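Listing of final.cif; format and content: mmCIF, C-alpha atoms.
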data_entry
#
loop_
_atom_site.label_atom_id
_atom_site.label_comp_id
_atom_site.auth_asym_id
_atom_site.auth_seq_id
_atom_site.Cartn_x
_atom_site.Cartn_y
_atom_site.Cartn_z
CA TYR A 30 -43.90 -86.28 19.95
CA VAL A 31 -42.69 -82.79 19.16
CA LYS A 32 -45.03 -80.07 20.29
CA ARG A 33 -45.75 -76.96 18.19
CA PRO A 34 -43.39 -74.22 19.49
CA THR A 35 -45.09 -71.26 21.15
CA SER A 36 -44.57 -67.74 19.88
CA VAL A 37 -42.32 -67.02 22.87
CA ALA A 38 -40.13 -70.03 22.08
CA MET A 39 -39.97 -69.04 18.41
CA THR A 40 -38.84 -65.55 19.36
CA MET A 41 -36.21 -67.01 21.67
CA PHE A 42 -34.75 -69.31 19.02
CA ASN A 43 -34.92 -66.79 16.17
CA SER A 44 -32.99 -64.26 18.21
CA LEU A 45 -30.16 -66.78 18.45
CA PHE A 46 -30.24 -68.53 15.09
CA THR A 47 -30.86 -66.99 11.71
CA GLU A 48 -31.84 -70.25 9.99
CA GLU A 49 -35.35 -71.39 10.80
CA ASP A 50 -34.52 -75.07 10.40
CA LYS A 51 -32.08 -74.81 13.32
CA LEU A 52 -35.09 -74.89 15.65
CA ASN A 53 -36.35 -78.11 14.11
CA LEU A 54 -32.88 -79.67 14.35
CA ILE A 55 -32.39 -78.83 18.03
CA THR A 56 -35.92 -79.88 18.96
CA ARG A 57 -35.46 -83.21 17.19
CA LEU A 58 -32.11 -83.88 18.87
CA ILE A 59 -33.48 -83.11 22.33
CA SER A 60 -36.42 -85.40 21.61
CA ILE A 61 -34.05 -88.20 20.61
CA ALA A 62 -31.96 -87.71 23.73
CA GLN A 63 -35.03 -87.82 25.98
CA ASN A 64 -36.14 -91.08 24.38
CA GLN A 65 -33.02 -92.89 25.58
CA GLY A 66 -33.70 -95.60 28.11
CA PRO A 67 -32.12 -95.85 31.57
CA GLU A 68 -29.83 -98.62 30.27
CA THR A 69 -28.20 -96.27 27.72
CA PRO A 70 -24.54 -95.65 28.67
CA ASN A 71 -23.53 -92.01 29.10
CA PRO A 72 -26.87 -90.38 28.17
CA ASP A 73 -25.36 -86.97 28.92
CA HIS A 74 -23.09 -87.22 25.86
CA GLN A 75 -25.91 -86.61 23.42
CA TYR A 76 -27.16 -83.58 25.35
CA LEU A 77 -23.65 -82.13 25.39
CA LYS A 78 -23.31 -82.66 21.65
CA ILE A 79 -26.61 -80.82 21.16
CA ILE A 80 -25.28 -77.89 23.18
CA LEU A 81 -21.93 -77.96 21.34
CA ASP A 82 -23.60 -77.81 17.93
CA ALA A 83 -26.33 -75.35 18.91
CA PHE A 84 -23.95 -72.72 20.22
CA GLY A 85 -21.28 -73.29 17.60
CA ALA A 86 -18.64 -73.91 20.26
CA GLU A 87 -15.22 -75.37 19.49
CA ALA A 88 -15.38 -77.66 22.51
CA VAL A 89 -17.64 -78.67 25.38
CA SER A 90 -16.55 -80.00 28.76
CA MET A 91 -18.32 -81.25 31.85
CA ILE A 92 -17.31 -82.10 35.38
CA MET A 93 -19.47 -84.50 37.38
CA VAL A 94 -19.49 -84.74 41.17
CA ASP A 95 -19.58 -88.05 42.98
CA PRO A 96 -21.25 -87.98 46.44
CA ASP A 97 -19.25 -91.07 47.42
CA LYS A 98 -15.93 -89.41 46.52
CA PRO A 99 -15.92 -85.86 47.89
CA GLY A 100 -13.16 -83.72 46.46
CA SER A 101 -12.92 -85.87 43.32
CA LEU A 102 -14.40 -85.08 39.90
CA LEU A 103 -15.12 -86.95 36.68
CA LYS A 104 -14.21 -84.84 33.66
CA LYS A 105 -15.57 -85.24 30.11
CA GLU A 106 -14.60 -83.21 27.08
CA SER A 107 -15.20 -83.28 23.35
CA THR A 108 -14.74 -81.17 20.25
CA SER A 109 -16.84 -81.25 17.09
CA GLY A 110 -16.42 -84.60 15.33
CA VAL A 111 -14.05 -86.00 18.00
CA ASP A 112 -14.77 -88.83 20.44
CA TRP A 113 -15.08 -88.21 24.16
CA LYS A 114 -12.07 -87.92 26.42
CA ILE A 115 -12.98 -89.01 29.95
CA THR A 116 -10.72 -88.50 32.97
CA SER A 117 -11.61 -89.85 36.40
CA ASN A 118 -10.42 -88.91 39.89
CA VAL A 119 -9.64 -85.30 38.97
CA PRO A 120 -8.85 -83.37 42.18
CA SER A 121 -11.32 -80.58 42.83
CA ALA A 122 -9.79 -77.10 42.85
CA ASP A 123 -10.68 -73.50 42.08
CA SER A 124 -11.63 -73.27 38.40
CA LEU A 125 -14.21 -71.81 36.02
CA LEU A 126 -16.35 -74.96 36.20
CA THR A 127 -16.12 -75.52 39.97
CA ARG A 128 -17.21 -71.91 40.52
CA SER A 129 -20.37 -72.67 38.56
CA LEU A 130 -21.19 -75.54 40.93
CA LYS A 131 -21.96 -73.03 43.68
CA THR A 132 -24.61 -71.04 41.77
CA SER A 133 -27.46 -71.62 39.35
CA GLU A 134 -26.47 -68.64 37.22
CA ILE A 135 -24.78 -68.85 33.81
CA HIS A 136 -21.27 -67.35 33.80
CA THR A 137 -19.55 -65.87 30.76
CA TRP A 138 -15.79 -65.36 30.86
CA THR A 139 -13.71 -63.23 28.49
CA SER A 140 -10.10 -64.04 27.60
CA ILE A 141 -8.84 -61.60 30.24
CA GLN A 142 -10.97 -63.12 33.03
CA ILE A 143 -10.10 -66.66 31.97
CA ALA A 144 -6.42 -66.19 32.72
CA ASP A 145 -7.10 -65.59 36.43
CA HIS A 146 -9.27 -68.63 37.16
CA LEU A 147 -8.78 -71.24 34.42
CA SER A 148 -7.52 -74.63 35.59
CA LYS A 149 -6.00 -76.75 32.82
CA LYS A 150 -6.78 -80.00 34.67
CA ILE A 151 -10.46 -79.09 35.14
CA ASP A 152 -11.34 -76.50 32.49
CA GLY A 153 -8.75 -77.34 29.85
CA THR A 154 -9.78 -78.85 26.51
CA GLN A 155 -8.07 -79.81 23.25
CA VAL A 156 -8.67 -76.29 21.92
CA GLY A 157 -5.50 -74.23 21.74
CA GLU A 158 -6.43 -70.61 22.42
CA VAL A 159 -9.44 -70.03 24.70
CA LYS A 160 -11.05 -66.77 23.60
CA ASN A 161 -14.25 -67.08 25.61
CA PHE A 162 -15.76 -69.53 28.08
CA THR A 163 -19.37 -70.07 29.17
CA SER A 164 -20.15 -72.20 32.22
CA ALA A 165 -23.31 -73.29 34.02
CA SER A 166 -24.30 -75.88 36.60
CA VAL A 167 -26.32 -79.01 35.88
CA ARG A 168 -28.94 -79.43 38.61
CA SER A 169 -32.35 -80.97 39.11
CA HIS A 170 -34.54 -81.33 42.20
CA SER A 171 -31.87 -79.50 44.27
CA ILE A 172 -29.29 -82.13 43.26
CA ILE A 173 -26.12 -80.81 41.62
CA PHE A 174 -24.79 -83.27 39.06
CA GLY A 175 -21.95 -81.10 37.77
CA ALA A 176 -21.15 -78.16 35.52
CA VAL A 177 -20.81 -77.65 31.76
CA GLY A 178 -18.43 -75.37 29.91
CA LEU A 179 -18.53 -74.10 26.31
CA VAL A 180 -15.25 -73.01 24.73
CA ASN A 181 -15.15 -70.30 22.05
CA SER A 182 -18.87 -70.13 21.36
CA LYS A 183 -19.88 -68.25 18.20
CA HIS A 184 -22.79 -66.67 20.08
CA PHE A 185 -20.62 -65.16 22.83
CA PRO A 186 -21.55 -63.17 24.85
CA LEU A 187 -24.87 -64.86 25.49
CA ASP A 188 -27.93 -62.62 25.55
CA VAL A 189 -31.06 -63.34 27.59
CA ALA A 190 -32.58 -65.51 24.87
CA ALA A 191 -29.38 -67.54 24.44
CA LYS A 192 -29.12 -68.10 28.19
CA SER A 193 -32.74 -69.31 28.22
CA LEU A 194 -31.91 -71.81 25.48
CA LEU A 195 -28.84 -73.08 27.36
CA THR A 196 -30.88 -73.40 30.56
CA LEU A 197 -33.51 -75.39 28.65
CA ALA A 198 -30.96 -77.91 27.36
CA LEU A 199 -29.17 -78.26 30.72
CA THR A 200 -32.46 -78.71 32.57
CA ALA A 201 -33.48 -81.47 30.17
CA MET A 202 -30.17 -83.23 30.76
CA ALA A 203 -30.35 -82.80 34.55
CA ASP A 204 -33.89 -84.18 34.69
CA HIS A 205 -32.77 -87.18 32.63
CA LEU A 206 -29.84 -87.84 34.98
CA TYR A 207 -32.15 -87.50 37.98
CA LEU A 208 -34.57 -90.05 36.52
CA ILE A 209 -31.75 -92.54 35.94
CA GLN A 210 -30.52 -92.03 39.49
CA VAL A 211 -33.99 -92.70 40.92
CA ILE A 212 -34.29 -95.88 38.86
CA LYS A 213 -30.87 -97.13 39.98
CA GLU A 214 -31.69 -96.44 43.62
CA SER A 215 -34.83 -98.56 43.31
CA THR A 216 -32.90 -101.68 42.25
CA PRO A 217 -34.92 -104.07 44.47
CA PHE A 218 -38.01 -102.99 42.60
CA ASN A 219 -36.51 -103.12 39.12
CA ASP A 220 -38.15 -106.43 38.24
CA GLU A 221 -41.56 -105.09 39.18
CA LEU A 222 -40.84 -101.87 37.27
CA ARG A 223 -39.91 -103.84 34.16
CA ILE A 224 -43.12 -105.88 34.41
CA ASN A 225 -45.20 -102.73 34.83
CA LYS A 226 -43.37 -101.11 31.92
CA ALA A 227 -44.07 -104.13 29.71
CA GLN A 228 -47.73 -104.06 30.70
CA LEU A 229 -47.96 -100.35 29.94
CA LEU A 230 -46.29 -100.82 26.57
CA SER A 231 -48.65 -103.68 25.75
CA SER A 232 -51.69 -101.60 26.70
CA ARG A 233 -50.41 -98.63 24.71
CA ASN A 234 -49.77 -100.76 21.64
CA THR A 235 -53.23 -102.31 21.90
CA LEU A 236 -54.91 -98.92 22.18
CA ARG A 237 -52.79 -97.60 19.31
CA SER A 238 -53.79 -100.53 17.12
CA ILE A 239 -57.48 -99.98 17.89
CA PHE A 240 -57.13 -96.24 17.35
CA ASP A 241 -55.45 -96.65 13.95
CA ASN A 242 -57.72 -99.39 12.61
CA ILE A 243 -61.06 -97.73 13.35
CA PRO A 244 -62.51 -96.80 9.95
CA GLN A 245 -63.98 -93.54 11.29
CA SER A 246 -61.80 -90.43 11.48
CA PHE A 247 -60.44 -89.78 14.97
CA TYR A 248 -58.14 -87.06 16.26
CA ILE A 249 -57.40 -85.37 19.59
CA ILE A 250 -56.57 -81.69 20.10
CA ASP A 251 -55.69 -79.42 23.03
CA GLN A 252 -57.03 -75.97 23.90
CA ASN A 253 -54.75 -74.35 21.31
CA TYR A 254 -56.21 -76.50 18.50
CA VAL A 255 -52.92 -78.46 18.35
CA ILE A 256 -53.29 -82.09 17.24
CA THR A 257 -51.89 -84.42 19.91
CA ALA A 258 -52.99 -87.69 18.23
CA ILE A 259 -54.63 -88.66 14.96
CA ASN A 260 -55.49 -92.00 13.38
CA HIS A 261 -54.61 -93.24 9.90
CA ALA A 262 -58.13 -92.80 8.55
CA ARG A 263 -58.15 -89.05 9.24
CA ALA A 264 -54.55 -88.57 8.14
CA LEU A 265 -55.33 -90.33 4.85
CA ARG A 266 -58.10 -87.82 4.15
CA ALA A 267 -55.52 -85.05 4.61
CA GLU A 268 -53.17 -86.94 2.24
CA SER A 269 -50.53 -87.13 4.95
CA SER A 270 -49.29 -89.41 7.73
CA PRO A 271 -50.10 -89.16 11.46
CA LYS A 272 -46.50 -88.33 12.43
CA ASP A 273 -46.52 -85.34 10.05
CA LEU A 274 -49.77 -83.96 11.48
CA VAL A 275 -49.18 -84.34 15.23
CA GLY A 276 -48.09 -81.07 16.80
CA ARG A 277 -49.75 -78.89 14.16
CA ILE A 278 -52.90 -76.73 14.18
CA CYS A 279 -55.97 -78.77 13.17
CA HIS A 280 -57.78 -76.18 11.05
CA GLU A 281 -54.57 -75.33 9.19
CA VAL A 282 -53.53 -78.85 8.15
CA LEU A 283 -56.93 -80.58 7.97
CA PHE A 284 -59.14 -77.83 6.54
CA ASN A 285 -56.62 -75.41 5.00
CA ARG A 286 -57.88 -72.50 7.10
CA GLU A 287 -56.04 -69.80 9.03
CA THR A 288 -58.84 -69.50 11.61
CA PRO A 289 -61.02 -72.12 13.38
CA CYS A 290 -63.79 -73.62 11.28
CA GLU A 291 -67.20 -71.97 11.19
CA LYS A 292 -69.66 -73.40 13.74
CA CYS A 293 -66.78 -75.27 15.42
CA LEU A 294 -67.98 -76.63 18.78
CA ILE A 295 -64.61 -77.51 20.30
CA GLN A 296 -64.54 -74.53 22.65
CA THR A 297 -68.11 -75.39 23.71
CA THR A 298 -66.85 -78.77 24.87
CA PHE A 299 -63.96 -77.16 26.78
CA ASN A 300 -66.35 -74.72 28.48
CA THR A 301 -69.31 -77.03 29.21
CA LYS A 302 -67.42 -80.35 29.65
CA ARG A 303 -70.10 -81.95 27.47
CA SER A 304 -70.16 -83.77 24.18
CA THR A 305 -71.41 -81.88 21.12
CA ARG A 306 -72.56 -82.89 17.65
CA ARG A 307 -72.96 -81.04 14.36
CA VAL A 308 -73.17 -81.79 10.64
CA ALA A 309 -70.77 -80.19 8.15
CA THR A 310 -70.58 -80.32 4.38
CA LEU A 311 -67.01 -80.91 3.18
CA LYS A 312 -65.57 -81.56 -0.25
CA SER A 313 -63.97 -84.91 -1.02
CA ARG A 314 -60.83 -85.49 -3.10
CA ASN A 315 -62.91 -85.42 -6.31
CA GLN A 316 -64.52 -82.15 -5.14
CA ASN A 317 -67.89 -83.81 -4.52
CA PRO A 318 -69.69 -82.52 -1.41
CA GLN A 319 -69.94 -84.96 1.50
CA GLU A 320 -71.96 -84.79 4.69
CA TRP A 321 -69.95 -85.39 7.86
CA GLU A 322 -71.28 -85.76 11.38
CA ILE A 323 -68.66 -84.32 13.76
CA THR A 324 -68.91 -85.34 17.42
CA THR A 325 -66.71 -84.02 20.23
CA TYR A 326 -65.92 -85.81 23.52
CA PRO A 327 -64.13 -84.19 26.49
CA ILE A 328 -61.02 -85.70 28.10
CA ASN A 329 -60.73 -84.58 31.73
CA ASN A 330 -57.60 -84.37 33.83
CA SER A 331 -57.25 -85.30 37.52
CA GLY A 332 -58.78 -81.94 38.45
CA ASP A 333 -61.92 -82.72 36.43
CA GLU A 334 -61.03 -79.97 33.94
CA VAL A 335 -61.21 -80.59 30.21
CA GLU A 336 -57.61 -81.06 29.08
CA ARG A 337 -58.18 -82.28 25.51
CA VAL A 338 -61.03 -83.05 23.15
CA ILE A 339 -61.62 -86.09 20.94
CA LEU A 340 -63.19 -85.46 17.54
CA LEU A 341 -65.03 -88.23 15.71
CA GLU A 342 -65.96 -87.59 12.08
CA GLN A 343 -68.40 -89.98 10.37
CA ASP A 344 -69.36 -89.85 6.70
CA ILE A 345 -73.18 -89.76 6.60
CA THR A 346 -73.50 -88.85 2.89
CA GLU A 347 -74.92 -92.24 1.95
CA ASN A 348 -77.34 -92.17 4.88
CA ARG A 349 -78.62 -88.76 3.77
CA LEU A 350 -79.11 -90.04 0.22
CA LEU A 351 -81.02 -93.05 1.52
CA GLU A 352 -83.16 -90.76 3.68
CA ALA A 353 -83.91 -88.60 0.64
CA GLU A 354 -84.82 -91.65 -1.44
CA LEU A 355 -87.04 -92.99 1.35
CA LEU A 356 -88.79 -89.63 1.66
CA GLN A 357 -89.37 -89.54 -2.09
CA SER A 358 -90.76 -93.10 -2.00
CA GLU A 359 -93.13 -92.15 0.80
CA LYS A 360 -94.33 -89.18 -1.21
CA LEU A 361 -94.96 -91.35 -4.26
CA ALA A 362 -96.77 -93.91 -2.12
CA ALA A 363 -98.99 -91.15 -0.70
CA VAL A 364 -99.80 -89.97 -4.25
CA GLY A 365 -100.63 -93.55 -5.26
CA GLN A 366 -102.98 -93.90 -2.30
CA LEU A 367 -104.72 -90.67 -3.27
#
Kindly present the structure from the file in structure tokens form.
Amino acid sequence: YVKRPTSVAMTMFNSLFTEEDKLNLITRLISIAQNQGPETPNPDHQYLKIILDAFGAEAVSMIMVDPDKPGSLLKKESTSGVDWKITSNVPSADSLLTRSLKTSEIHTWTSIQIADHLSKKIDGTQVGEVKNFTSASVRSHSIIFGAVGLVNSKHFPLDVAAKSLLTLALTAMADHLYLIQVIKESTPFNDELRINKAQLLSSRNTLRSIFDNIPQSFYIIDQNYVITAINHARALRAESSPKDLVGRICHEVLFNRETPCEKCLIQTTFNTKRSTRRVATLKSRNQNPQEWEITTYPINNSGDEVERVILLEQDITENRLLEAELLQSEKLAAVGQL
């Protein structure tokens, strides 16, 4: 799922891109890339395409180190709309990209600086004139996988916010490569891993089916009132679908409010770690008032702290009407007895 961006992240992206939908595009692409399985060939290609498009570069290149072949590099390069060109057994030498292997900092090179250190075999791409070059290492868990270079980026020179964005994308790619490496190194246990994965998927699907088919309204939020899960019954009341509501603020999309609902007991559950219950009067689609019993349940993490809260909403309008009718009948019976 895509989380709601924090105000800091929004500021970071807006300082780099003028169009607001750019943020949604990049977030979606990164999400797609992270959902690739370990069997996907060349998972780094999609990350590099994300970086190429996000920074408006004419080309992107990457060198990858091989621990079994010291002094030899694997080079990948691509331009917008062009397939990948992959060259193996490239001799390692002084270049813009190999210099980035030695540091975690992002380097920006102007056309004057490029002339002194650029290596056509390592840094060269299909772009004719190189006006600017941005390079950074790809590393995760102290393992250096390689270095990435952007040629003729529209956002050159990169400011602090742009460097943070590039670091975010490269870190996501490095973590993905690290995960794949760990899985490959555990080959003897792959069969057991696949069985466990299948069991987890089966359990998840079963829980999802139960969650969606419960007639009562269920949804889960975090401490920032962000919806992390919601079932079909509650989404239907909001005239939307679960996938369109996850990652958004509950009182904004469910109750059309800019602030938390009056008498909301969610924070009480976070503070006391206890379940709460209250009754609220809400309007239905036909504007008729309905009585809803709203119950909260804490979800604790490994540290026994409340991490999220489950909200169960039950329509008790009919029960209240029956109670009123029963009370009226009892009154009439008492009058009859008198």
Write out as a PyMOL selection string the residues lying within 10 Å of Ser304 in chain A, counting all atoms listed in the file and excluding same-chain residues fewer than 5 positions away. chain A and resi 294-295+297-299+324-327+338-340
Just say which residues the PyMOL selection byres ((chain A and resi 80) around 12) picks in this file, as an MDAnalysis selection string. chainID A and resid 54:56 58:59 62 73:79 81:91 107:109 163:165 177:180 182 184 191:192 194:202
Keeping only C-alpha atoms, write the selected residues as a PDB file, in the coordinates of the input.
ATOM      1  CA  LEU A  54     -32.880 -79.670  14.350  1.00  0.00           C
ATOM      2  CA  ILE A  55     -32.390 -78.830  18.030  1.00  0.00           C
ATOM      3  CA  THR A  56     -35.920 -79.880  18.960  1.00  0.00           C
ATOM      4  CA  LEU A  58     -32.110 -83.880  18.870  1.00  0.00           C
ATOM      5  CA  ILE A  59     -33.480 -83.110  22.330  1.00  0.00           C
ATOM      6  CA  ALA A  62     -31.960 -87.710  23.730  1.00  0.00           C
ATOM      7  CA  ASP A  73     -25.360 -86.970  28.920  1.00  0.00           C
ATOM      8  CA  HIS A  74     -23.090 -87.220  25.860  1.00  0.00           C
ATOM      9  CA  GLN A  75     -25.910 -86.610  23.420  1.00  0.00           C
ATOM     10  CA  TYR A  76     -27.160 -83.580  25.350  1.00  0.00           C
ATOM     11  CA  LEU A  77     -23.650 -82.130  25.390  1.00  0.00           C
ATOM     12  CA  LYS A  78     -23.310 -82.660  21.650  1.00  0.00           C
ATOM     13  CA  ILE A  79     -26.610 -80.820  21.160  1.00  0.00           C
ATOM     14  CA  LEU A  81     -21.930 -77.960  21.340  1.00  0.00           C
ATOM     15  CA  ASP A  82     -23.600 -77.810  17.930  1.00  0.00           C
ATOM     16  CA  ALA A  83     -26.330 -75.350  18.910  1.00  0.00           C
ATOM     17  CA  PHE A  84     -23.950 -72.720  20.220  1.00  0.00           C
ATOM     18  CA  GLY A  85     -21.280 -73.290  17.600  1.00  0.00           C
ATOM     19  CA  ALA A  86     -18.640 -73.910  20.260  1.00  0.00           C
ATOM     20  CA  GLU A  87     -15.220 -75.370  19.490  1.00  0.00           C
ATOM     21  CA  ALA A  88     -15.380 -77.660  22.510  1.00  0.00           C
ATOM     22  CA  VAL A  89     -17.640 -78.670  25.380  1.00  0.00           C
ATOM     23  CA  SER A  90     -16.550 -80.000  28.760  1.00  0.00           C
ATOM     24  CA  MET A  91     -18.320 -81.250  31.850  1.00  0.00           C
ATOM     25  CA  SER A 107     -15.200 -83.280  23.350  1.00  0.00           C
ATOM     26  CA  THR A 108     -14.740 -81.170  20.250  1.00  0.00           C
ATOM     27  CA  SER A 109     -16.840 -81.250  17.090  1.00  0.00           C
ATOM     28  CA  THR A 163     -19.370 -70.070  29.170  1.00  0.00           C
ATOM     29  CA  SER A 164     -20.150 -72.200  32.220  1.00  0.00           C
ATOM     30  CA  ALA A 165     -23.310 -73.290  34.020  1.00  0.00           C
ATOM     31  CA  VAL A 177     -20.810 -77.650  31.760  1.00  0.00           C
ATOM     32  CA  GLY A 178     -18.430 -75.370  29.910  1.00  0.00           C
ATOM     33  CA  LEU A 179     -18.530 -74.100  26.310  1.00  0.00           C
ATOM     34  CA  VAL A 180     -15.250 -73.010  24.730  1.00  0.00           C
ATOM     35  CA  SER A 182     -18.870 -70.130  21.360  1.00  0.00           C
ATOM     36  CA  HIS A 184     -22.790 -66.670  20.080  1.00  0.00           C
ATOM     37  CA  ALA A 191     -29.380 -67.540  24.440  1.00  0.00           C
ATOM     38  CA  LYS A 192     -29.120 -68.100  28.190  1.00  0.00           C
ATOM     39  CA  LEU A 194     -31.910 -71.810  25.480  1.00  0.00           C
ATOM     40  CA  LEU A 195     -28.840 -73.080  27.360  1.00  0.00           C
ATOM     41  CA  THR A 196     -30.880 -73.400  30.560  1.00  0.00           C
ATOM     42  CA  LEU A 197     -33.510 -75.390  28.650  1.00  0.00           C
ATOM     43  CA  ALA A 198     -30.960 -77.910  27.360  1.00  0.00           C
ATOM     44  CA  LEU A 199     -29.170 -78.260  30.720  1.00  0.00           C
ATOM     45  CA  THR A 200     -32.460 -78.710  32.570  1.00  0.00           C
ATOM     46  CA  ALA A 201     -33.480 -81.470  30.170  1.00  0.00           C
ATOM     47  CA  MET A 202     -30.170 -83.230  30.760  1.00  0.00           C
TER      48      MET A 202
END
Using the chain letters and residue numbers of this document, give as a VMD selection string the residues selected by the PyMOL selection byres ((chain A and resi 271) around 10). chain A and resid 241 248 256 to 265 267 to 270 272 to 276
Using the chain letters and residue numbers of this document, give as a short mmCIF file (atom, residue, chain, number, x, y, z; two decimals) with C-alpha atoms, in the coordinates of the input the residues selected by the PyMOL selection byres ((chain A and resi 127-133) around 12).
data_model
loop_
_atom_site.label_atom_id
_atom_site.label_comp_id
_atom_site.auth_asym_id
_atom_site.auth_seq_id
_atom_site.Cartn_x
_atom_site.Cartn_y
_atom_site.Cartn_z
CA MET A 91 -18.32 -81.25 31.85
CA ILE A 92 -17.31 -82.10 35.38
CA MET A 93 -19.47 -84.50 37.38
CA VAL A 94 -19.49 -84.74 41.17
CA GLY A 100 -13.16 -83.72 46.46
CA SER A 101 -12.92 -85.87 43.32
CA LEU A 102 -14.40 -85.08 39.90
CA LEU A 103 -15.12 -86.95 36.68
CA LYS A 104 -14.21 -84.84 33.66
CA VAL A 119 -9.64 -85.30 38.97
CA PRO A 120 -8.85 -83.37 42.18
CA SER A 121 -11.32 -80.58 42.83
CA ALA A 122 -9.79 -77.10 42.85
CA ASP A 123 -10.68 -73.50 42.08
CA SER A 124 -11.63 -73.27 38.40
CA LEU A 125 -14.21 -71.81 36.02
CA LEU A 126 -16.35 -74.96 36.20
CA GLU A 134 -26.47 -68.64 37.22
CA ILE A 135 -24.78 -68.85 33.81
CA HIS A 136 -21.27 -67.35 33.80
CA THR A 137 -19.55 -65.87 30.76
CA TRP A 138 -15.79 -65.36 30.86
CA HIS A 146 -9.27 -68.63 37.16
CA LEU A 147 -8.78 -71.24 34.42
CA SER A 148 -7.52 -74.63 35.59
CA LYS A 150 -6.78 -80.00 34.67
CA ILE A 151 -10.46 -79.09 35.14
CA ASP A 152 -11.34 -76.50 32.49
CA PHE A 162 -15.76 -69.53 28.08
CA THR A 163 -19.37 -70.07 29.17
CA SER A 164 -20.15 -72.20 32.22
CA ALA A 165 -23.31 -73.29 34.02
CA SER A 166 -24.30 -75.88 36.60
CA VAL A 167 -26.32 -79.01 35.88
CA ARG A 168 -28.94 -79.43 38.61
CA SER A 169 -32.35 -80.97 39.11
CA SER A 171 -31.87 -79.50 44.27
CA ILE A 172 -29.29 -82.13 43.26
CA ILE A 173 -26.12 -80.81 41.62
CA PHE A 174 -24.79 -83.27 39.06
CA GLY A 175 -21.95 -81.10 37.77
CA ALA A 176 -21.15 -78.16 35.52
CA VAL A 177 -20.81 -77.65 31.76
CA GLY A 178 -18.43 -75.37 29.91
CA LYS A 192 -29.12 -68.10 28.19
CA THR A 196 -30.88 -73.40 30.56
CA LEU A 199 -29.17 -78.26 30.72
CA THR A 200 -32.46 -78.71 32.57
#
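If only C-alpha atoms are the atoms counted, then among A:Trp321, A:Ser246, A:His170, A:Val255 the closest residue to Gln210 in chain A is A:His170.
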Using all atoms listed in the file for the distances, tell me which of A:Glu359, A:Glu214, A:Glu334, A:Glu320 is nearest to Thr346 in chain A. A:Glu320
What's the separation between CA of Arg306 in chain A and CA of Arg349 in chain A, in Å to one decimal place?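 We find that CA of Arg306 in chain A and CA of Arg349 in chain A lie 16.2 Å from each other.
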How many Å lie between CA of Arg337 in chain A and CA of Ile250 in chain A, rounded to one decimal?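 Result for CA of Arg337 in chain A versus CA of Ile250 in chain A: 5.7 Å, one decimal.
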Figure out the distance between CA of Ala203 in chain A and CA of Ser117 in chain A, please, to one decimal in Å.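 So the two atoms, CA of Ser117 in chain A and CA of Ala203 in chain A, lie 20.1 Å apart.
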Which residue, A:Ser193, A:Thr116, A:Asn181, A:Gln155, has the smallest gap to Ser140 in chain A when you use all atoms listed in the file? A:Asn181
Draw an axis-aligned box over all listed atoms of range 198-216 of chain A, pad each side with 3 Å, and write its centre and edge lengths in Å, one decimal, as lines of an AutoDock Vina configuration file.
center_x = -32.0
center_y = -89.8
center_z = 35.5
size_x = 11.7
size_y = 29.8
size_z = 22.3
From the list A:Asn317, A:Asn71, A:Thr139, A:Gln357, which residue is nearest Trp113 in chain A when using all atoms listed in the file?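 Going through A:Asn317, A:Asn71, A:Thr139, A:Gln357 one by one, the smallest distance to Trp113 in chain A is for A:Asn71.
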